[in-house]
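Colleague: One structure is given below, represented as structure tokens, and several questions about it will come after.
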Amino acid sequence: MATPHIEAKRGDFADTVLMPGDPLRAQHIAETFLSDVRQVNSVRNMSGYTGTYQGREISVMGHGMGIPSVSIYAKELITDYDVKRLIRVGSCGAVRDDVAVRDVVIGMGASTDSGVNRTRFLGHDFAAIADFDLTRHAVDAAAAQGVPVKVGNLFSADLFYNPDTALIETLRRYGIVGVEMEAAGLFGVAAEFGARAMTICTVSDHIVNGDSLSSEARATTFDEMVTIALDGVLRDDAAGEAGA
Ligand SMILES: O=P(O)(O)O[C@H]1O[C@H](CO)[C@@H](O)[C@H]1O
Ligand SMILES: O=c1cc[nH]c(=O)[nH]1
């Protein structure tokens with residue numbers, strides 16, 4: 001049964017979906033990493049695909065920019081397509097001196113200036129956290145691949161262009177590992193509807209020192225991040241089958 005935003009039939013999505021903001025990145029991931037790929041969504045050009053990675057069925061679909069957009073897609077994937085694991089594979093900005101362009105960061109949780117989790121959590125402050133096992137299996141996958149990752153607190157900003165100049169210094173002081181625009185919303189949706197979620201990002205720019213990634217380097221680092229996400233899923237499967 002289609003939703004207002006997804007035309008796929010029930011069963012068209014795997015139980016695990018990788019989600020970049022950019023639908024063209026979804027296409028790139030599907031073409032580069034998956035076998036036997038079929039397109040399952042094209043509504044609003046928010047491309048979605050299902051294929052296999054090392055024999056395991058995996059889907060990938062864009063979620064757009066910002067918490068309102070990711071919240072729509074994540075909710076519909078969970079409630080209408082029985083998706084159990086949502087893994088955002090995004091880009092982010094760095095604010096700390098020890099986080100550089102091309103680094104891969106994983107969110108244990110995400111702070112935010114968005115009000116969505118207060119809306120769903122009766123006005124209280126919801127701690128928007130990633131699924132622990134999904135996260136640790138991605139961290140283990142990165143270690144096995146020899147890719148250093150920083151794991152910590154993301155900041156999901158409502159405004160890409162924020163006029164408050166004090167914000168960046170505060171984010172630095174509090175050790176934020178990356179600034180992006182969706183993780184806190186994704187974690188809130190997953191908690192509300194009973195799915196597991198995580199966010200892994202490649203640093204595309206440094207907000208303080210002005211470094212930014214060339215398109216060639218972006219492609220390389222991006223592929224590292226996707227491999228970590230996919231191998232993390234295989235490890236998560238294996239741990240589940242082993243009863244861990
Ligand atoms: O590259 P993606 O995954 O879209 O992530 C980041 O890039 C967009 C802003 O340019 C926001 O969606 C932000 O979260
Ligand atoms: O949301 C984002 C993504 C990349 N870089 C930023 O500064 N913000």
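In the structure tokens, chains take the letters A, B, ... in the order shown, each chain's residues start at 1, and ligands count up from 1 in the order shown.
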Ligand 1: which residues are within 9 Å, counting only C-alpha atoms and all ligand atoms? Reply as a PDB file with N, CA and C atoms, in the first residue's frame.
Modeller:
ATOM      1  N   MET A  19      20.088   5.583   4.644  1.00  0.00           N
ATOM      2  CA  MET A  19      19.411   6.816   4.250  1.00  0.00           C
ATOM      3  C   MET A  19      20.375   8.004   4.204  1.00  0.00           C
ATOM      4  N   PRO A  20      20.792   8.396   3.016  1.00  0.00           N
ATOM      5  CA  PRO A  20      21.493   9.671   2.871  1.00  0.00           C
ATOM      6  C   PRO A  20      20.470  10.783   2.691  1.00  0.00           C
ATOM      7  N   GLY A  21      20.882  12.026   2.941  1.00  0.00           N
ATOM      8  CA  GLY A  21      19.968  13.117   2.657  1.00  0.00           C
ATOM      9  C   GLY A  21      19.694  13.248   1.166  1.00  0.00           C
ATOM     10  N   ASP A  22      20.733  13.077   0.386  1.00  0.00           N
ATOM     11  CA  ASP A  22      20.686  13.340  -1.050  1.00  0.00           C
ATOM     12  C   ASP A  22      20.230  12.098  -1.825  1.00  0.00           C
ATOM     13  N   PRO A  23      19.123  12.185  -2.572  1.00  0.00           N
ATOM     14  CA  PRO A  23      18.676  11.011  -3.328  1.00  0.00           C
ATOM     15  C   PRO A  23      19.684  10.563  -4.385  1.00  0.00           C
ATOM     16  N   ARG A  25      22.867  10.508  -3.833  1.00  0.00           N
ATOM     17  CA  ARG A  25      23.791   9.654  -3.073  1.00  0.00           C
ATOM     18  C   ARG A  25      23.178   8.265  -2.882  1.00  0.00           C
ATOM     19  N   GLY A  62      16.902   8.173  -0.174  1.00  0.00           N
ATOM     20  CA  GLY A  62      17.152   9.517   0.324  1.00  0.00           C
ATOM     21  C   GLY A  62      16.088   9.925   1.339  1.00  0.00           C
ATOM     22  N   HIS A  63      16.482  10.853   2.246  1.00  0.00           N
ATOM     23  CA  HIS A  63      15.475  11.359   3.189  1.00  0.00           C
ATOM     24  C   HIS A  63      15.306  12.868   3.117  1.00  0.00           C
ATOM     25  N   GLY A  64      16.021  13.528   2.185  1.00  0.00           N
ATOM     26  CA  GLY A  64      15.874  14.976   2.078  1.00  0.00           C
ATOM     27  C   GLY A  64      16.643  15.694   3.172  1.00  0.00           C
ATOM     28  N   MET A  65      16.443  17.010   3.228  1.00  0.00           N
ATOM     29  CA  MET A  65      17.197  17.828   4.199  1.00  0.00           C
ATOM     30  C   MET A  65      16.307  18.306   5.332  1.00  0.00           C
ATOM     31  N   GLY A  66      16.772  18.103   6.556  1.00  0.00           N
ATOM     32  CA  GLY A  66      16.077  18.633   7.719  1.00  0.00           C
ATOM     33  C   GLY A  66      15.195  17.599   8.400  1.00  0.00           C
ATOM     34  N   ILE A  67      14.908  17.881   9.661  1.00  0.00           N
ATOM     35  CA  ILE A  67      14.142  16.941  10.485  1.00  0.00           C
ATOM     36  C   ILE A  67      12.717  16.716   9.963  1.00  0.00           C
ATOM     37  N   VAL A  70      13.145  14.079   7.034  1.00  0.00           N
ATOM     38  CA  VAL A  70      13.528  12.721   7.446  1.00  0.00           C
ATOM     39  C   VAL A  70      12.429  12.090   8.289  1.00  0.00           C
ATOM     40  N   ARG A  88      21.232   6.452   8.905  1.00  0.00           N
ATOM     41  CA  ARG A  88      21.523   7.665   8.126  1.00  0.00           C
ATOM     42  C   ARG A  88      23.002   7.682   7.779  1.00  0.00           C
ATOM     43  N   VAL A  89      23.296   7.861   6.505  1.00  0.00           N
ATOM     44  CA  VAL A  89      24.684   7.977   6.025  1.00  0.00           C
ATOM     45  C   VAL A  89      24.812   9.383   5.441  1.00  0.00           C
ATOM     46  N   GLY A  90      25.259  10.310   6.273  1.00  0.00           N
ATOM     47  CA  GLY A  90      25.174  11.716   5.916  1.00  0.00           C
ATOM     48  C   GLY A  90      26.504  12.418   5.795  1.00  0.00           C
ATOM     49  N   SER A  91      26.418  13.701   5.549  1.00  0.00           N
ATOM     50  CA  SER A  91      27.586  14.579   5.645  1.00  0.00           C
ATOM     51  C   SER A  91      27.351  15.511   6.837  1.00  0.00           C
ATOM     52  N   CYS A  92      28.422  16.049   7.371  1.00  0.00           N
ATOM     53  CA  CYS A  92      28.283  16.970   8.497  1.00  0.00           C
ATOM     54  C   CYS A  92      29.420  17.971   8.486  1.00  0.00           C
ATOM     55  N   GLY A  93      29.237  19.028   9.272  1.00  0.00           N
ATOM     56  CA  GLY A  93      30.287  20.016   9.474  1.00  0.00           C
ATOM     57  C   GLY A  93      30.985  19.749  10.799  1.00  0.00           C
ATOM     58  N   SER A 156      21.949  18.386  15.616  1.00  0.00           N
ATOM     59  CA  SER A 156      21.047  18.449  14.463  1.00  0.00           C
ATOM     60  C   SER A 156      20.409  19.829  14.431  1.00  0.00           C
ATOM     61  N   ALA A 157      20.837  20.631  13.476  1.00  0.00           N
ATOM     62  CA  ALA A 157      20.424  22.040  13.411  1.00  0.00           C
ATOM     63  C   ALA A 157      19.205  22.212  12.510  1.00  0.00           C
ATOM     64  N   PHE A 160      20.530  25.632   8.504  1.00  0.00           N
ATOM     65  CA  PHE A 160      21.876  25.475   7.939  1.00  0.00           C
ATOM     66  C   PHE A 160      22.627  26.796   8.061  1.00  0.00           C
ATOM     67  N   VAL A 179      28.021  18.633  13.019  1.00  0.00           N
ATOM     68  CA  VAL A 179      26.775  19.394  12.898  1.00  0.00           C
ATOM     69  C   VAL A 179      26.086  18.955  11.610  1.00  0.00           C
ATOM     70  N   GLU A 180      24.877  18.450  11.762  1.00  0.00           N
ATOM     71  CA  GLU A 180      24.095  18.052  10.587  1.00  0.00           C
ATOM     72  C   GLU A 180      22.639  18.440  10.861  1.00  0.00           C
ATOM     73  N   MET A 181      21.679  17.839  10.171  1.00  0.00           N
ATOM     74  CA  MET A 181      20.324  18.394  10.262  1.00  0.00           C
ATOM     75  C   MET A 181      19.209  17.364  10.486  1.00  0.00           C
ATOM     76  N   GLU A 182      19.565  16.115  10.818  1.00  0.00           N
ATOM     77  CA  GLU A 182      18.484  15.122  10.893  1.00  0.00           C
ATOM     78  C   GLU A 182      18.547  14.126  12.054  1.00  0.00           C
ATOM     79  N   ALA A 183      19.724  13.838  12.587  1.00  0.00           N
ATOM     80  CA  ALA A 183      19.852  12.679  13.494  1.00  0.00           C
ATOM     81  C   ALA A 183      18.883  12.736  14.673  1.00  0.00           C
ATOM     82  N   CYS A 201      28.318   9.862   9.735  1.00  0.00           N
ATOM     83  CA  CYS A 201      28.535  10.992   8.814  1.00  0.00           C
ATOM     84  C   CYS A 201      30.004  11.095   8.423  1.00  0.00           C
ATOM     85  N   THR A 202      30.224  11.584   7.233  1.00  0.00           N
ATOM     86  CA  THR A 202      31.554  11.993   6.810  1.00  0.00           C
ATOM     87  C   THR A 202      31.618  13.516   6.895  1.00  0.00           C
ATOM     88  N   SER A 204      32.229  16.920   5.786  1.00  0.00           N
ATOM     89  CA  SER A 204      32.387  17.526   4.452  1.00  0.00           C
ATOM     90  C   SER A 204      33.010  18.910   4.521  1.00  0.00           C
TER      91      SER A 204
END
Colleague: So which residues of range 99-206 of chain A fall under helix (DSSP H, G or I) by DSSP, listed as a VMD selection string?
Modeller: chain A and resid 116 to 120 132 to 145 166 to 173 183 to 193
Colleague: So which residues of range 20-160 of chain A fall under strand (DSSP E or B) by DSSP, listed as a PyMOL selection string?
Modeller: chain A and resi 35-41+48-53+56-61+85-94+104-112+129+149-156
Colleague: Pick the closest to Thr199 in chain A from A:Pro163, A:Gly240, A:Gly178, A:Gly107: which is it, counting only C-alpha atoms?
Modeller: A:Gly107
Colleague: Find the residues around Ala191 in chain A up to 12 Å (only C-alpha atoms counted), leave out those fewer than 4 positions away in its own chain, and share them as a PyMOL selection string.
Modeller: chain A and resi 71+74-75+78+84-86+117+120-121+126-131+184-187+195-198
Colleague: Dump N, CA and C atoms for the selected residues as an mmCIF file, in the first residue's frame?
Modeller:
data_model
loop_
_atom_site.group_PDB
_atom_site.id
_atom_site.type_symbol
_atom_site.label_atom_id
_atom_site.label_comp_id
_atom_site.auth_asym_id
_atom_site.auth_seq_id
_atom_site.Cartn_x
_atom_site.Cartn_y
_atom_site.Cartn_z
ATOM 1 N N SER A 71 11.688 12.892 9.042
ATOM 2 C CA SER A 71 10.647 12.345 9.917
ATOM 3 C C SER A 71 9.524 11.703 9.104
ATOM 4 N N ALA A 74 11.106 8.354 7.499
ATOM 5 C CA ALA A 74 11.409 7.336 8.512
ATOM 6 C C ALA A 74 10.116 6.749 9.080
ATOM 7 N N LYS A 75 9.157 7.612 9.383
ATOM 8 C CA LYS A 75 7.883 7.134 9.951
ATOM 9 C C LYS A 75 7.179 6.197 8.969
ATOM 10 N N ILE A 78 8.843 2.783 8.646
ATOM 11 C CA ILE A 78 8.625 1.906 9.809
ATOM 12 C C ILE A 78 7.185 1.392 9.848
ATOM 13 N N LYS A 84 12.941 -2.058 10.148
ATOM 14 C CA LYS A 84 13.362 -2.206 11.543
ATOM 15 C C LYS A 84 14.624 -1.435 11.879
ATOM 16 N N ARG A 85 15.468 -1.198 10.853
ATOM 17 C CA ARG A 85 16.749 -0.515 11.087
ATOM 18 C C ARG A 85 16.905 0.592 10.053
ATOM 19 N N LEU A 86 17.142 1.814 10.549
ATOM 20 C CA LEU A 86 17.346 2.961 9.656
ATOM 21 C C LEU A 86 18.714 3.550 9.962
ATOM 22 N N ASN A 117 11.200 16.706 19.307
ATOM 23 C CA ASN A 117 11.162 15.666 20.342
ATOM 24 C C ASN A 117 10.422 16.142 21.594
ATOM 25 N N ARG A 120 6.796 15.469 20.804
ATOM 26 C CA ARG A 120 6.342 14.084 20.958
ATOM 27 C C ARG A 120 6.522 13.572 22.390
ATOM 28 N N PHE A 121 7.305 14.292 23.229
ATOM 29 C CA PHE A 121 7.669 13.786 24.560
ATOM 30 C C PHE A 121 7.075 14.672 25.651
ATOM 31 N N PHE A 126 13.781 14.924 25.636
ATOM 32 C CA PHE A 126 14.044 13.534 25.255
ATOM 33 C C PHE A 126 15.517 13.399 24.892
ATOM 34 N N ALA A 127 16.205 12.420 25.452
ATOM 35 C CA ALA A 127 17.600 12.172 25.069
ATOM 36 C C ALA A 127 17.596 11.370 23.766
ATOM 37 N N ALA A 128 17.902 12.037 22.676
ATOM 38 C CA ALA A 128 17.826 11.408 21.348
ATOM 39 C C ALA A 128 19.094 10.592 21.117
ATOM 40 N N ILE A 129 18.984 9.281 21.320
ATOM 41 C CA ILE A 129 20.168 8.417 21.243
ATOM 42 C C ILE A 129 20.031 7.396 20.126
ATOM 43 N N ALA A 130 21.198 6.974 19.634
ATOM 44 C CA ALA A 130 21.245 5.927 18.617
ATOM 45 C C ALA A 130 21.058 4.563 19.275
ATOM 46 N N ASP A 131 20.680 3.591 18.462
ATOM 47 C CA ASP A 131 20.607 2.218 18.963
ATOM 48 C C ASP A 131 22.015 1.735 19.317
ATOM 49 N N ALA A 184 18.738 13.888 15.308
ATOM 50 C CA ALA A 184 17.871 13.963 16.498
ATOM 51 C C ALA A 184 16.424 13.615 16.141
ATOM 52 N N GLY A 185 15.997 14.037 14.960
ATOM 53 C CA GLY A 185 14.637 13.708 14.518
ATOM 54 C C GLY A 185 14.502 12.234 14.197
ATOM 55 N N LEU A 186 15.507 11.686 13.516
ATOM 56 C CA LEU A 186 15.479 10.259 13.178
ATOM 57 C C LEU A 186 15.420 9.411 14.451
ATOM 58 N N PHE A 187 16.219 9.771 15.469
ATOM 59 C CA PHE A 187 16.217 8.990 16.713
ATOM 60 C C PHE A 187 14.854 9.102 17.416
ATOM 61 N N ALA A 195 11.577 1.341 16.182
ATOM 62 C CA ALA A 195 12.613 0.832 15.281
ATOM 63 C C ALA A 195 13.987 1.186 15.857
ATOM 64 N N ARG A 196 15.024 0.722 15.184
ATOM 65 C CA ARG A 196 16.397 0.997 15.625
ATOM 66 C C ARG A 196 17.045 1.921 14.605
ATOM 67 N N ALA A 197 17.790 2.912 15.106
ATOM 68 C CA ALA A 197 18.376 3.888 14.182
ATOM 69 C C ALA A 197 19.786 4.249 14.617
ATOM 70 N N MET A 198 20.588 4.603 13.643
ATOM 71 C CA MET A 198 21.898 5.186 13.931
ATOM 72 C C MET A 198 22.234 6.189 12.836
#
Colleague: Would you list the contacts of Asp140 in chain A as a ChimeraX atom specification, taking every protein, DNA or RNA residue within 10 Å and counting only C-alpha atoms, but skipping same-chain residues closer than 6 positions in sequence?
Modeller: /A:134,146-147,228,231-232,235
Colleague: Could you write out the selected residues, including N, CA and C atoms, as a PDB file, in the first residue's frame?
Modeller:
ATOM      1  N   LEU A 134      23.458  -1.376  17.104  1.00  0.00           N
ATOM      2  CA  LEU A 134      23.773  -0.955  15.729  1.00  0.00           C
ATOM      3  C   LEU A 134      25.041  -0.119  15.711  1.00  0.00           C
ATOM      4  N   GLY A 146      40.125  -0.728   9.732  1.00  0.00           N
ATOM      5  CA  GLY A 146      41.230   0.184  10.002  1.00  0.00           C
ATOM      6  C   GLY A 146      40.887   1.644   9.771  1.00  0.00           C
ATOM      7  N   VAL A 147      39.608   1.964   9.838  1.00  0.00           N
ATOM      8  CA  VAL A 147      39.183   3.356   9.660  1.00  0.00           C
ATOM      9  C   VAL A 147      38.898   3.962  11.030  1.00  0.00           C
ATOM     10  N   ILE A 228      31.405   0.911   6.155  1.00  0.00           N
ATOM     11  CA  ILE A 228      31.266   0.730   7.607  1.00  0.00           C
ATOM     12  C   ILE A 228      29.802   0.443   7.957  1.00  0.00           C
ATOM     13  N   ASP A 231      28.858  -3.168   6.570  1.00  0.00           N
ATOM     14  CA  ASP A 231      29.489  -4.250   7.339  1.00  0.00           C
ATOM     15  C   ASP A 231      28.974  -4.266   8.778  1.00  0.00           C
ATOM     16  N   GLY A 232      28.618  -3.100   9.290  1.00  0.00           N
ATOM     17  CA  GLY A 232      28.001  -3.042  10.618  1.00  0.00           C
ATOM     18  C   GLY A 232      26.674  -3.784  10.637  1.00  0.00           C
ATOM     19  N   ARG A 235      27.393  -7.457  10.831  1.00  0.00           N
ATOM     20  CA  ARG A 235      27.794  -7.812  12.204  1.00  0.00           C
ATOM     21  C   ARG A 235      26.574  -7.810  13.133  1.00  0.00           C
TER      22      ARG A 235
END
Colleague: Mind giving me the straight-line distance from CA of Val203 in chain A to CA of Phe132 in chain A in Å, one decimal?
Modeller: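 Separating CA of Val203 in chain A from CA of Phe132 in chain A is a distance of 21.9 Å.
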Colleague: Given the choices A:Val226, A:Ala242, A:Leu171, A:Val151, which gets closest to ligand 2 if the distance is worked out from only C-alpha atoms and all ligand atoms?
Modeller: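 Looking at the shortest contact to ligand 2, the residue is A:Leu171.
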Colleague: How many Å separate CA of Ala8 in chain A from CA of Gly188 in chain A?
Modeller: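 Atom-to-atom, CA of Ala8 in chain A to CA of Gly188 in chain A, that is 23.9 Å.
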Colleague: I need the residue nearest ligand 2 from this list: A:Ser42, A:Thr112, A:Ser35, A:Ser59. Use only C-alpha atoms and all ligand atoms for the distance.
Modeller: A:Thr112
Colleague: I'd like the interatomic distance between CA of Met61 in chain A and CA of Met1 in chain A, to a tenth of an Å.
Modeller: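 Rounded to one decimal, the two atoms are 17.6 Å apart.
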